[in-house]
Structure formats: structure tokens, C-alpha cells
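Source file target_27.cif; content: mmCIF, C-alpha atoms.
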data_run
loop_
_atom_site.label_atom_id
_atom_site.label_comp_id
_atom_site.auth_asym_id
_atom_site.auth_seq_id
_atom_site.Cartn_x
_atom_site.Cartn_y
_atom_site.Cartn_z
CA MET A 1 148.26 96.40 123.61
CA CYS A 2 149.96 96.46 120.23
CA GLN A 3 147.46 93.92 118.89
CA SER A 4 144.46 96.01 119.98
CA GLU A 5 146.00 99.07 118.33
CA ALA A 6 146.58 97.05 115.18
CA ARG A 7 142.95 95.94 115.16
CA ARG A 8 141.78 99.53 115.60
CA GLY A 9 144.18 100.76 112.92
CA PRO A 10 141.70 100.90 109.99
CA GLU A 11 139.08 102.64 112.14
CA LEU A 12 141.56 105.24 113.41
CA ARG A 13 142.86 105.90 109.91
CA ALA A 14 139.28 106.31 108.60
CA ALA A 15 138.45 108.73 111.42
CA LYS A 16 141.63 110.70 110.77
CA TRP A 17 140.93 110.74 107.04
CA LEU A 18 137.38 112.03 107.48
CA HIS A 19 138.31 114.38 110.40
CA PHE A 20 134.79 115.67 111.07
CA PRO A 21 134.63 118.97 112.97
CA GLN A 22 132.25 117.72 115.65
CA LEU A 23 130.92 121.06 116.88
CA ALA A 24 129.99 122.23 113.38
CA LEU A 25 128.48 118.82 112.61
CA ARG A 26 126.34 118.88 115.76
CA ARG A 27 125.08 122.31 114.74
CA ARG A 28 124.29 121.03 111.24
CA LEU A 29 122.45 117.97 112.59
CA GLY A 30 120.43 120.28 114.82
CA GLN A 31 119.35 122.18 111.73
CA LEU A 32 118.38 118.92 110.03
CA SER A 33 116.21 117.92 112.98
CA CYS A 34 114.07 121.03 112.42
CA MET A 35 113.33 120.08 108.82
CA SER A 36 110.15 118.47 107.58
CA LYS A 37 110.24 114.68 107.31
CA PRO A 38 110.42 114.56 103.46
CA ALA A 39 113.29 117.08 103.44
CA LEU A 40 115.07 115.24 106.23
CA LYS A 41 114.82 111.93 104.36
CA LEU A 42 116.18 113.57 101.22
CA ARG A 43 119.19 115.02 103.06
CA SER A 44 120.03 111.88 105.10
CA TRP A 45 119.57 109.41 102.23
CA PRO A 46 123.02 109.94 100.57
CA LEU A 47 124.81 109.56 103.91
CA THR A 48 122.87 106.36 104.60
CA VAL A 49 123.87 104.89 101.22
CA LEU A 50 127.51 105.69 101.95
CA TYR A 51 127.17 104.18 105.43
CA TYR A 52 126.20 100.78 103.98
CA LEU A 53 128.61 100.90 101.02
CA LEU A 54 131.83 102.17 102.60
CA PRO A 55 134.13 99.89 104.66
CA LEU A 56 133.07 99.18 108.23
CA GLY A 57 133.83 102.10 110.53
CA ALA A 58 134.37 104.72 107.83
CA LEU A 59 131.40 106.81 108.94
CA ARG A 60 131.49 105.81 112.59
CA PRO A 61 132.55 109.34 113.73
CA LEU A 62 129.10 110.51 112.63
CA SER A 63 127.46 108.33 115.29
CA ARG A 64 129.43 110.19 117.98
CA VAL A 65 127.60 113.41 117.17
CA GLY A 66 124.10 111.91 117.11
CA TRP A 67 123.58 110.80 113.50
CA ARG A 68 121.92 107.44 112.88
CA PRO A 69 121.56 105.75 109.49
CA VAL A 70 118.16 104.93 108.06
CA SER A 71 117.46 101.19 108.34
CA ARG A 72 118.04 99.02 105.28
CA VAL A 73 114.32 98.26 105.09
CA ALA A 74 113.35 101.96 105.21
CA LEU A 75 116.04 102.70 102.62
CA TYR A 76 114.71 100.00 100.30
CA LYS A 77 111.15 101.28 100.68
CA THR A 78 112.23 104.68 99.33
CA VAL A 79 113.17 103.12 95.99
CA PRO A 80 110.46 104.08 93.41
CA THR A 81 109.63 100.47 92.53
CA ARG A 82 106.25 101.34 90.98
CA LEU A 83 107.86 103.84 88.61
CA LEU A 84 110.62 101.37 87.76
CA SER A 85 108.02 98.65 87.13
CA ARG A 86 106.06 100.89 84.76
CA ALA A 87 109.28 101.74 82.92
CA TRP A 88 110.11 98.03 82.70
CA GLY A 89 106.61 97.37 81.35
CA ARG A 90 107.13 99.98 78.63
CA LEU A 91 110.50 98.43 77.76
CA ASN A 92 108.88 95.00 77.52
CA GLN A 93 106.53 96.29 74.82
CA VAL A 94 109.32 97.56 72.56
CA GLU A 95 109.60 95.36 69.49
CA LEU A 96 113.09 93.89 69.14
CA PRO A 97 114.83 93.73 65.76
CA HIS A 98 114.72 90.25 64.28
CA TRP A 99 118.50 89.80 64.55
CA LEU A 100 118.54 90.82 68.25
CA ARG A 101 115.85 88.45 69.50
CA ARG A 102 117.90 85.27 69.72
CA PRO A 103 120.85 86.75 71.68
CA VAL A 104 118.56 88.66 74.11
CA TYR A 105 116.26 85.70 74.81
CA SER A 106 119.19 83.25 74.93
CA LEU A 107 120.84 85.36 77.64
CA TYR A 108 117.61 85.32 79.66
CA ILE A 109 117.21 81.56 79.16
CA TRP A 110 120.78 80.92 80.30
CA THR A 111 120.48 83.27 83.31
CA PHE A 112 117.21 81.89 84.72
CA GLY A 113 117.25 78.31 83.43
CA VAL A 114 114.18 78.52 81.16
CA ASN A 115 113.15 75.23 79.51
CA MET A 116 112.10 76.26 76.01
CA LYS A 117 111.36 72.65 75.02
CA GLU A 118 108.08 73.03 76.95
CA ALA A 119 107.07 76.20 75.08
CA ALA A 120 104.30 75.96 72.50
CA VAL A 121 106.58 77.91 70.14
CA GLU A 122 110.28 77.13 70.56
CA ASP A 123 111.50 79.47 67.81
CA LEU A 124 112.90 82.55 69.63
CA HIS A 125 112.36 84.77 66.57
CA HIS A 126 108.61 84.28 66.99
CA TYR A 127 108.49 86.53 70.11
CA ARG A 128 108.45 90.16 69.01
CA ASN A 129 109.18 91.63 72.43
CA LEU A 130 110.09 90.63 75.98
CA SER A 131 106.45 90.74 77.08
CA GLU A 132 105.45 88.06 74.55
CA PHE A 133 108.42 85.94 75.62
CA PHE A 134 107.52 86.20 79.33
CA ARG A 135 103.90 85.24 78.62
CA ARG A 136 104.72 82.33 76.34
CA LYS A 137 102.28 79.42 76.33
CA LEU A 138 103.19 75.80 77.00
CA LYS A 139 102.58 72.69 74.95
CA PRO A 140 99.32 70.99 76.02
CA GLN A 141 101.12 67.85 77.22
CA ALA A 142 103.77 69.78 79.17
CA ARG A 143 101.59 70.16 82.29
CA PRO A 144 99.12 67.30 82.84
CA VAL A 145 96.51 68.20 85.45
CA CYS A 146 96.26 65.75 88.37
CA GLY A 147 92.70 64.48 88.61
CA LEU A 148 93.12 62.44 91.80
CA HIS A 149 93.64 65.38 94.19
CA SER A 150 91.15 68.09 95.00
CA VAL A 151 93.65 71.00 94.94
CA ILE A 152 96.48 71.37 92.42
CA SER A 153 99.26 73.90 92.04
CA PRO A 154 97.96 76.92 90.08
CA SER A 155 101.45 77.70 88.73
CA ASP A 156 105.06 76.68 88.47
CA GLY A 157 107.15 77.82 91.40
CA LYS A 158 108.66 77.08 94.80
CA ILE A 159 106.64 76.22 97.91
CA LEU A 160 107.51 78.81 100.54
CA ASN A 161 105.00 77.74 103.18
CA PHE A 162 101.79 75.80 103.75
CA GLY A 163 99.59 74.45 106.52
CA GLN A 164 96.75 75.49 108.81
CA VAL A 165 96.12 79.17 109.52
CA LYS A 166 96.72 79.74 113.23
CA ASN A 167 95.77 82.85 115.25
CA CYS A 168 94.59 84.58 112.07
CA GLU A 169 98.19 84.85 110.88
CA VAL A 170 99.81 83.40 107.79
CA GLU A 171 103.52 82.67 107.32
CA GLN A 172 105.01 84.31 104.22
CA VAL A 173 108.23 82.39 104.95
CA LYS A 174 109.26 80.29 107.94
CA GLY A 175 108.97 82.37 111.11
CA VAL A 176 107.72 85.57 109.42
CA THR A 177 103.95 86.11 109.60
CA TYR A 178 101.35 88.62 108.48
CA SER A 179 97.77 89.32 109.50
CA LEU A 180 95.10 87.43 107.57
CA GLU A 181 92.68 90.36 107.79
CA SER A 182 95.33 92.84 106.61
CA PHE A 183 96.08 90.60 103.65
CA LEU A 184 92.52 89.82 102.53
CA GLY A 185 90.91 93.00 103.81
CA PRO A 186 87.76 93.27 105.91
CA ARG A 187 84.70 91.23 105.03
CA THR A 188 82.09 93.87 104.24
CA SER A 189 78.64 94.23 102.76
CA ALA A 190 80.32 94.87 99.41
CA GLU A 191 80.74 91.12 99.20
CA ASP A 192 77.02 90.57 99.88
CA LEU A 193 77.72 88.93 103.22
CA PRO A 194 74.94 88.98 105.82
CA PHE A 195 77.16 89.76 108.81
CA PRO A 196 78.91 92.91 110.09
CA PRO A 197 82.67 93.50 109.82
CA ALA A 198 84.84 91.47 112.18
CA THR A 199 85.96 93.01 115.46
CA SER A 200 88.45 90.33 116.54
CA CYS A 201 90.59 87.51 115.18
CA SER A 202 88.09 84.80 116.12
CA SER A 203 85.15 86.66 114.56
CA PHE A 204 87.07 87.29 111.33
CA ARG A 205 87.97 83.60 111.14
CA SER A 206 84.36 82.63 111.79
CA GLN A 207 83.32 84.71 108.77
CA LEU A 208 85.64 82.70 106.54
CA VAL A 209 85.01 79.23 107.99
CA THR A 210 81.39 78.66 107.07
CA ARG A 211 81.01 74.98 108.00
CA GLU A 212 81.36 73.31 111.37
CA GLY A 213 84.41 71.11 111.72
CA ASN A 214 86.37 72.85 108.97
CA GLU A 215 89.74 74.61 109.24
CA LEU A 216 91.50 77.36 107.29
CA TYR A 217 94.53 76.37 105.22
CA HIS A 218 97.10 78.35 103.26
CA CYS A 219 99.79 77.73 100.64
CA VAL A 220 102.36 80.24 99.34
CA ILE A 221 104.00 79.66 95.94
CA TYR A 222 106.86 81.84 94.69
CA LEU A 223 107.29 82.20 90.92
CA ALA A 224 110.90 82.89 89.92
CA PRO A 225 111.68 84.94 86.79
CA GLY A 226 112.48 81.76 84.85
CA ASP A 227 109.18 80.04 85.68
CA TYR A 228 106.08 79.77 83.51
CA HIS A 229 104.27 83.08 84.21
CA CYS A 230 100.62 82.11 83.73
CA PHE A 231 98.49 80.82 86.58
CA HIS A 232 95.45 78.57 86.50
CA SER A 233 92.49 77.56 88.62
CA PRO A 234 93.69 75.26 91.44
CA THR A 235 90.30 73.53 91.85
CA ASP A 236 86.67 73.58 90.76
CA TRP A 237 85.26 76.73 92.34
CA THR A 238 83.16 79.85 91.73
CA VAL A 239 84.73 83.34 91.89
CA SER A 240 82.23 85.81 93.31
CA HIS A 241 84.37 88.82 94.25
CA ARG A 242 87.58 90.65 93.37
CA ARG A 243 89.44 93.05 95.65
CA HIS A 244 92.37 95.04 94.26
CA PHE A 245 94.90 96.54 96.69
CA PRO A 246 97.15 99.15 95.03
CA GLY A 247 100.44 99.23 96.87
CA SER A 248 104.20 98.91 96.72
CA LEU A 249 105.99 96.65 94.26
CA MET A 250 108.87 95.35 96.35
CA SER A 251 110.67 92.16 95.48
CA VAL A 252 108.97 89.02 96.82
CA ASN A 253 111.90 86.62 96.61
CA PRO A 254 112.30 84.47 99.76
CA GLY A 255 115.27 86.49 101.02
CA MET A 256 113.29 89.74 100.88
CA ALA A 257 110.25 88.04 102.45
CA ARG A 258 112.41 87.19 105.50
CA TRP A 259 113.69 90.76 105.63
CA ILE A 260 110.46 92.82 105.43
CA LYS A 261 107.62 92.10 107.85
CA GLU A 262 104.17 91.81 106.24
CA LEU A 263 105.70 92.20 102.79
CA PHE A 264 102.66 90.68 101.06
CA CYS A 265 100.39 93.19 102.82
CA HIS A 266 102.47 96.13 101.54
CA ASN A 267 102.60 94.98 97.92
CA GLU A 268 99.98 95.45 95.25
CA ARG A 269 97.76 92.38 95.01
CA VAL A 270 94.53 91.06 93.52
CA VAL A 271 92.38 88.92 95.83
CA LEU A 272 89.82 86.61 94.21
CA THR A 273 87.34 85.08 96.66
CA GLY A 274 84.51 82.62 96.24
CA ASP A 275 83.43 79.13 97.18
CA TRP A 276 84.31 75.53 96.43
CA LYS A 277 82.67 72.31 97.55
CA HIS A 278 84.06 72.65 101.10
CA GLY A 279 83.30 76.36 101.63
CA PHE A 280 85.43 79.50 101.38
CA PHE A 281 88.21 79.64 98.76
CA SER A 282 90.56 82.47 97.72
CA LEU A 283 93.47 82.96 95.34
CA THR A 284 95.65 86.07 95.63
CA ALA A 285 98.10 87.22 92.97
CA VAL A 286 100.80 89.37 94.62
CA GLY A 287 102.69 91.91 92.51
CA ALA A 288 106.42 92.51 92.76
CA THR A 289 109.20 94.68 91.33
CA ASN A 290 108.85 94.71 87.52
CA VAL A 291 105.57 92.79 87.93
CA GLY A 292 103.17 95.70 88.15
CA SER A 293 100.95 94.08 85.56
CA ILE A 294 98.62 91.44 87.02
CA ARG A 295 96.07 90.25 84.51
CA ILE A 296 92.89 88.27 85.24
CA TYR A 297 91.50 86.96 81.96
CA PHE A 298 87.80 87.32 82.78
CA ASP A 299 88.18 90.74 84.50
CA ARG A 300 88.55 93.49 81.90
CA ASP A 301 87.93 96.23 84.49
CA LEU A 302 91.09 95.41 86.43
CA HIS A 303 93.97 97.87 85.96
CA THR A 304 97.09 97.44 88.09
CA ASN A 305 100.15 99.62 88.79
CA SER A 306 98.37 102.93 88.24
CA PRO A 307 100.53 106.06 88.66
CA ARG A 308 98.49 107.33 91.63
CA TYR A 309 96.82 105.52 94.50
CA SER A 310 95.88 106.06 98.14
CA LYS A 311 97.95 104.06 100.59
CA GLY A 312 95.85 101.42 102.35
CA SER A 313 92.96 101.74 99.88
CA TYR A 314 91.33 98.93 97.91
CA ASN A 315 88.77 98.54 95.14
CA ASP A 316 85.97 95.97 95.26
CA PHE A 317 84.19 94.39 92.33
CA SER A 318 81.44 91.77 92.51
CA PHE A 319 80.95 89.18 89.78
CA VAL A 320 77.50 88.36 91.21
CA THR A 321 74.85 90.32 89.31
CA HIS A 322 71.10 90.16 88.74
CA THR A 323 71.69 88.14 85.59
CA ASN A 324 74.50 86.03 87.09
CA LYS A 325 73.70 85.12 90.68
CA GLU A 326 76.48 82.52 90.99
CA GLY A 327 79.63 84.37 89.85
CA ILE A 328 82.37 83.07 87.53
CA PRO A 329 82.65 79.25 87.49
CA MET A 330 86.22 77.97 87.14
CA ARG A 331 87.27 74.43 86.33
CA LYS A 332 90.43 72.88 87.77
CA GLY A 333 93.37 73.71 85.49
CA GLU A 334 91.51 76.40 83.53
CA HIS A 335 93.51 79.52 82.53
CA LEU A 336 92.98 82.24 85.13
CA GLY A 337 95.60 84.98 84.70
CA GLU A 338 99.23 85.94 84.20
CA PHE A 339 102.14 87.99 85.52
CA ASN A 340 104.69 89.94 83.49
CA LEU A 341 107.54 88.37 85.48
CA GLY A 342 107.99 86.16 88.54
CA SER A 343 105.81 86.83 91.59
CA THR A 344 103.74 85.02 94.25
CA ILE A 345 100.43 83.15 94.49
CA VAL A 346 98.77 82.74 97.91
CA LEU A 347 95.91 80.27 98.40
CA ILE A 348 93.72 80.55 101.52
CA PHE A 349 90.81 78.16 101.74
CA GLU A 350 88.45 76.27 104.01
CA ALA A 351 88.54 72.48 104.16
CA PRO A 352 87.73 69.60 106.54
CA LYS A 353 90.22 68.77 109.29
CA ASP A 354 91.45 65.67 107.45
CA PHE A 355 92.78 67.72 104.51
CA ASN A 356 96.45 66.84 103.93
CA PHE A 357 99.09 68.67 101.91
CA GLN A 358 101.32 66.49 99.71
CA LEU A 359 104.21 68.97 99.97
CA LYS A 360 107.55 69.85 101.52
CA ALA A 361 108.63 73.43 102.25
CA GLY A 362 111.14 74.63 99.68
CA GLN A 363 110.28 72.06 97.02
CA LYS A 364 109.86 72.99 93.36
CA ILE A 365 106.40 72.41 91.95
CA ARG A 366 104.79 72.70 88.53
CA PHE A 367 101.31 73.71 87.48
CA GLY A 368 98.94 70.73 87.58
CA GLU A 369 100.78 68.80 90.30
CA ALA A 370 98.98 67.94 93.54
CA LEU A 371 98.98 70.33 96.50
CA GLY A 372 96.72 68.30 98.76
CA SER A 373 93.58 66.26 99.16
CA LEU A 374 91.18 64.72 101.65
#

Show this structure as C-alpha cells.
Amino acid sequence: MCQSEARRGPELRAAKWLHFPQLALRRRLGQLSCMSKPALKLRSWPLTVLYYLLPLGALRPLSRVGWRPVSRVALYKTVPTRLLSRAWGRLNQVELPHWLRRPVYSLYIWTFGVNMKEAAVEDLHHYRNLSEFFRRKLKPQARPVCGLHSVISPSDGKILNFGQVKNCEVEQVKGVTYSLESFLGPRTSAEDLPFPPATSCSSFRSQLVTREGNELYHCVIYLAPGDYHCFHSPTDWTVSHRRHFPGSLMSVNPGMARWIKELFCHNERVVLTGDWKHGFFSLTAVGATNVGSIRIYFDRDLHTNSPRYSKGSYNDFSFVTHTNKEGIPMRKGEHLGEFNLGSTIVLIFEAPKDFNFQLKAGQKIRFGEALGSL
């Protein structure tokens, strides 16, 4: 009996310390329930923050009168990540004094394990601002492109997941999936396709798999802040269409990907689709916190992280024109685009059933190394 009282001691002391008048609190919560949703979120947000920060049991008396904290995921989604990312982008453009460049960049190098020996310019004073440092180029011999395999890694990073696409769902990390159609968007006439929009999983898959006997494959590569931030063409292919999804800019690190369902479908992303020698091929650059800027070198009309956007909307652009009926040809290893900071690349492509990945989940990989081959 004494032991149970001892265990409940901190909780009893916290309840006594807070000493909520329950009748008045119930009346106040009743008033909150009549508020509009935005006002209710604003009022309950500080209590929720305290609930997760204070010692366990400190706000437990609130639950006795009907209050429930907002979930951690919902709380995180209220953070203005797009605004913070734009502010970070502005900060990146500020030119640093010559004397401050070495200590600032050295701290970043030490924190994220950057290998400056691979950089085309190793002198830290050369980079006028953080943006130039993030987008630094590599020495030509630093990343040899594998010529023996048909698909190479488009970037440096960590392999989160790979394999065949099953049931029209793709794993962002082990055990956490998202809808293929939600991620790529519907196949419509805007892409000059001769068939109507899909009405089921099997019909959507059949629109992507254009050749009999082929399967759909995927590979997810996470770029950490210390990685090389440019990405390249993973194979010889032709880009015919770009779809830009404005959206959130939540963190895409593996821990957050396990925490938030369909994270990649919520975040801003740029989907490039086209064809390679085995059929359909796509590369998607997914934005993240402080990575609102996604740049595609051959697409000057693309503008990401705009201040205003409609949730769930997307913008289509076709590279197939009357003068260019093929699209944009890309060679394996050719420069394709860049991020401002670490983010994620998702490859989804069609290939014969005997396609094999040369990978292990969780392994580190560098641009130019083999992903898989027939």
C-alpha cells in the first residue's frame, strides 16, 4: 500500500499543485467546443505543447474534465514549415563576410560529416553564402558513373526502400506505405495519353506498365544535409512531362517518415515522367523543411515554395511540343537538378521481371553507383 502511494506521489503532488477547479474548467471547455475550428486550434495549442513538455502526469487532471491533447502529428503539421523554409532560403542568400566563412562552413562540415576533399573547390572562402556552399560541385573523378548497370543512383544518400510495387502502394520506409496514384497524380489527357483516367488500382497500374511481362519497381533515396545536393539522370531516358505538387515541407528524415503516414504525398514534390528502353520511367524530387527550392536545370518555368497554393492542386507542363515531339533526352549521369539541402529522390519505373536491385535497405550509396540491372 505504501509502495503504491509512493509511486503515485509525483502525480498527486502535480494534481495538488495545479488544483484545477473542475466545474469552472468544464464550463470553459464547453465554451471552447462552440468555437470555430481555427480558433479552437489556436486556444488548445499552448496546452498541447505543455502536455508534451511537462513531466508525465502534470496535466492529467485536465483529462478528467474532457480535454484531450492534439496528436503529435497534428501538432507538427501546424508548424509553418513553408514560411520557415522561405526564411531559410533568404538567409542562405546573404553574403557572409570573408572572415566568417571558414568558421561557419567548418561548423557545418563537422556537424554533418561533409567530405570537402571531393569538392571541385576546397577553399571555404570561395563560397560567398550558404546557398553556394550547399550546391557545391564535385571533382569530375569523385563520382565515376557505372556503365555496366542499366540504372544508377541519381544522388548520394541512404537507401530507405526498394523493390516491386505491390497493390499500387509504395513503401516510404519499412512497413509505412502510400498510394502510388496519390503520389504521382492521375494519368490524364494533359500527358497526351490515349486512355481515360484510372478508376481502380489495377487500371492505374495498367496505364503505367505498357509492355506485357513487365513489372513496376521503386527505389527511395534519402539525402542527408551533409550529402552532395545535386541529382543526376539515373539512366538513358526521355522526359516528356513535369507535374508540380505544391504542398507541405515537413522533414523527410527516416524517423519522420515512420511517424507520418503518406508523408511524401503531403510534401511539395516535382514529378518527372517519361520513357526508357523498357517503358515507363519517373523521377520525383520531394521537398522538405528548409528545402523549398527544387531546381530542374532544363525547366525554367518551375517555381517551388510559392507563398500561396491550393491544397491538393498540381501544375502540369509538357515538354512534348510541335517542334519537339520526343521531349527532353537525358543521358545516364547527366546533371538534372538540385536541392538547397537534404531531401528525397523516388524512382518508379517499369522493367522486365528479371530486373534485380544490387542494394540493401539502409545502405549508403553515392551518385553513379549501381542500383540494379537485368

Point (105.4, 93.3, 78.6) neighbourhood (12 Å, all atoms listed in the file) written as number ranges by chain: A: 85-95, 127-136, 229, 290-295, 338-341

All residues 7 Å or closer to segment 348-364 of chain A, all atoms listed in the file, same chain fewer than 4 positions away omitted, as a ChimeraX atom specification: /A:157-161,209,213-219,278-283,370-374

Given the PyMOL selection byres ((chain A and resi 315-327) around 7), the residues it picks as a count of residues only: 12

Among the residues A:Lys117, A:His126, A:Leu336, A:Thr177, the one that comes closest to Gln141 of chain A [using all atoms listed in the file]: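 Nearest candidate to Gln141 of chain A out of A:Lys117, A:His126, A:Leu336, A:Thr177: A:Lys117.
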
d(atom CA of Gly333 of chain A, atom CA of Ser155 of chain A) in Å: 9.6 Å

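Atom CA of Trp276 of chain A is found 23.3 Å from atom CA of Ser179 of chain A.
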
Residues matched by the PyMOL selection byres ((chain A and resi 284) around 9), written as a PyMOL selection string: chain A and resi 184+269-273+282-283+285-286+344-348

Atomic distance atom CA of Gly274 of chain A - atom CA of Ile221 of chain A, expressed in Å with one decimal: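 One can read the atom CA of Gly274 of chain A to atom CA of Ile221 of chain A distance as 19.7 Å.
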
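For the residues A:Trp110, A:Tyr105, A:Trp99, A:Phe264, ranking by smallest atom-to-atom distance to Gly247 of chain A using all atoms listed in the file places A:Phe264 first.
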
Proximity to Ala120 of chain A - best of A:Phe162, A:Tyr178, A:Tyr228, A:Trp237, all atoms listed in the file: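 When distances to Ala120 of chain A are compared using all atoms listed in the file, the smallest one comes from A:Tyr228.
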
Written-out segment 92-116 of chain A (N, CA and C atoms) as a CSV table (one decimal), in the first residue's frame:
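Saved as result36.csv:
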chain,number,residue,atom,x,y,z
A,92,ASN,N,20.1,31.9,-46.7
A,92,ASN,CA,21.1,31.3,-47.5
A,92,ASN,C,21.7,32.2,-48.5
A,93,GLN,N,21.0,33.2,-49.0
A,93,GLN,CA,21.4,34.1,-50.0
A,93,GLN,C,22.3,35.3,-49.4
A,94,VAL,N,22.3,35.4,-48.1
A,94,VAL,CA,23.0,36.5,-47.5
A,94,VAL,C,24.5,36.3,-47.6
A,95,GLU,N,25.2,37.2,-48.2
A,95,GLU,CA,26.7,37.0,-48.4
A,95,GLU,C,27.4,37.2,-47.0
A,96,LEU,N,28.2,36.2,-46.7
A,96,LEU,CA,28.9,36.2,-45.5
A,96,LEU,C,30.2,37.0,-45.6
A,97,PRO,N,30.6,37.7,-44.5
A,97,PRO,CA,31.9,38.3,-44.5
A,97,PRO,C,33.0,37.3,-44.7
A,98,HIS,N,34.1,37.7,-45.4
A,98,HIS,CA,35.2,36.8,-45.7
A,98,HIS,C,35.7,36.1,-44.5
A,99,TRP,N,35.8,36.8,-43.4
A,99,TRP,CA,36.4,36.3,-42.1
A,99,TRP,C,35.5,35.3,-41.5
A,100,LEU,N,34.2,35.3,-41.8
A,100,LEU,CA,33.2,34.5,-41.1
A,100,LEU,C,33.0,33.2,-41.9
A,101,ARG,N,33.4,33.1,-43.1
A,101,ARG,CA,33.1,31.9,-43.9
A,101,ARG,C,33.7,30.6,-43.4
A,102,ARG,N,35.0,30.7,-43.1
A,102,ARG,CA,35.6,29.4,-42.6
A,102,ARG,C,35.0,28.9,-41.3
A,103,PRO,N,34.8,29.7,-40.3
A,103,PRO,CA,34.2,29.1,-39.1
A,103,PRO,C,32.7,28.6,-39.3
A,104,VAL,N,31.9,29.3,-40.1
A,104,VAL,CA,30.5,28.9,-40.3
A,104,VAL,C,30.5,27.5,-41.1
A,105,TYR,N,31.3,27.5,-42.2
A,105,TYR,CA,31.3,26.3,-43.0
A,105,TYR,C,32.0,25.1,-42.3
A,106,SER,N,33.0,25.4,-41.5
A,106,SER,CA,33.7,24.4,-40.7
A,106,SER,C,32.8,23.7,-39.7
A,107,LEU,N,31.9,24.5,-39.1
A,107,LEU,CA,30.9,24.0,-38.1
A,107,LEU,C,30.0,23.1,-38.8
A,108,TYR,N,29.5,23.5,-40.0
A,108,TYR,CA,28.6,22.6,-40.8
A,108,TYR,C,29.3,21.3,-41.2
A,109,ILE,N,30.5,21.4,-41.7
A,109,ILE,CA,31.3,20.3,-42.1
A,109,ILE,C,31.4,19.3,-41.0
A,110,TRP,N,31.8,19.8,-39.8
A,110,TRP,CA,32.0,19.0,-38.6
A,110,TRP,C,30.6,18.3,-38.2
A,111,THR,N,29.5,19.1,-38.2
A,111,THR,CA,28.2,18.6,-37.7
A,111,THR,C,27.7,17.5,-38.6
A,112,PHE,N,27.8,17.6,-40.0
A,112,PHE,CA,27.2,16.7,-40.9
A,112,PHE,C,28.2,15.8,-41.6
A,113,GLY,N,29.4,15.9,-41.3
A,113,GLY,CA,30.4,15.0,-41.9
A,113,GLY,C,30.6,15.2,-43.4
A,114,VAL,N,30.7,16.4,-43.8
A,114,VAL,CA,30.9,16.7,-45.2
A,114,VAL,C,32.4,16.4,-45.6
A,115,ASN,N,32.6,15.8,-46.8
A,115,ASN,CA,33.9,15.5,-47.3
A,115,ASN,C,34.3,16.5,-48.3
A,116,MET,N,35.0,17.6,-47.9
A,116,MET,CA,35.4,18.6,-48.8
A,116,MET,C,36.5,18.3,-49.8
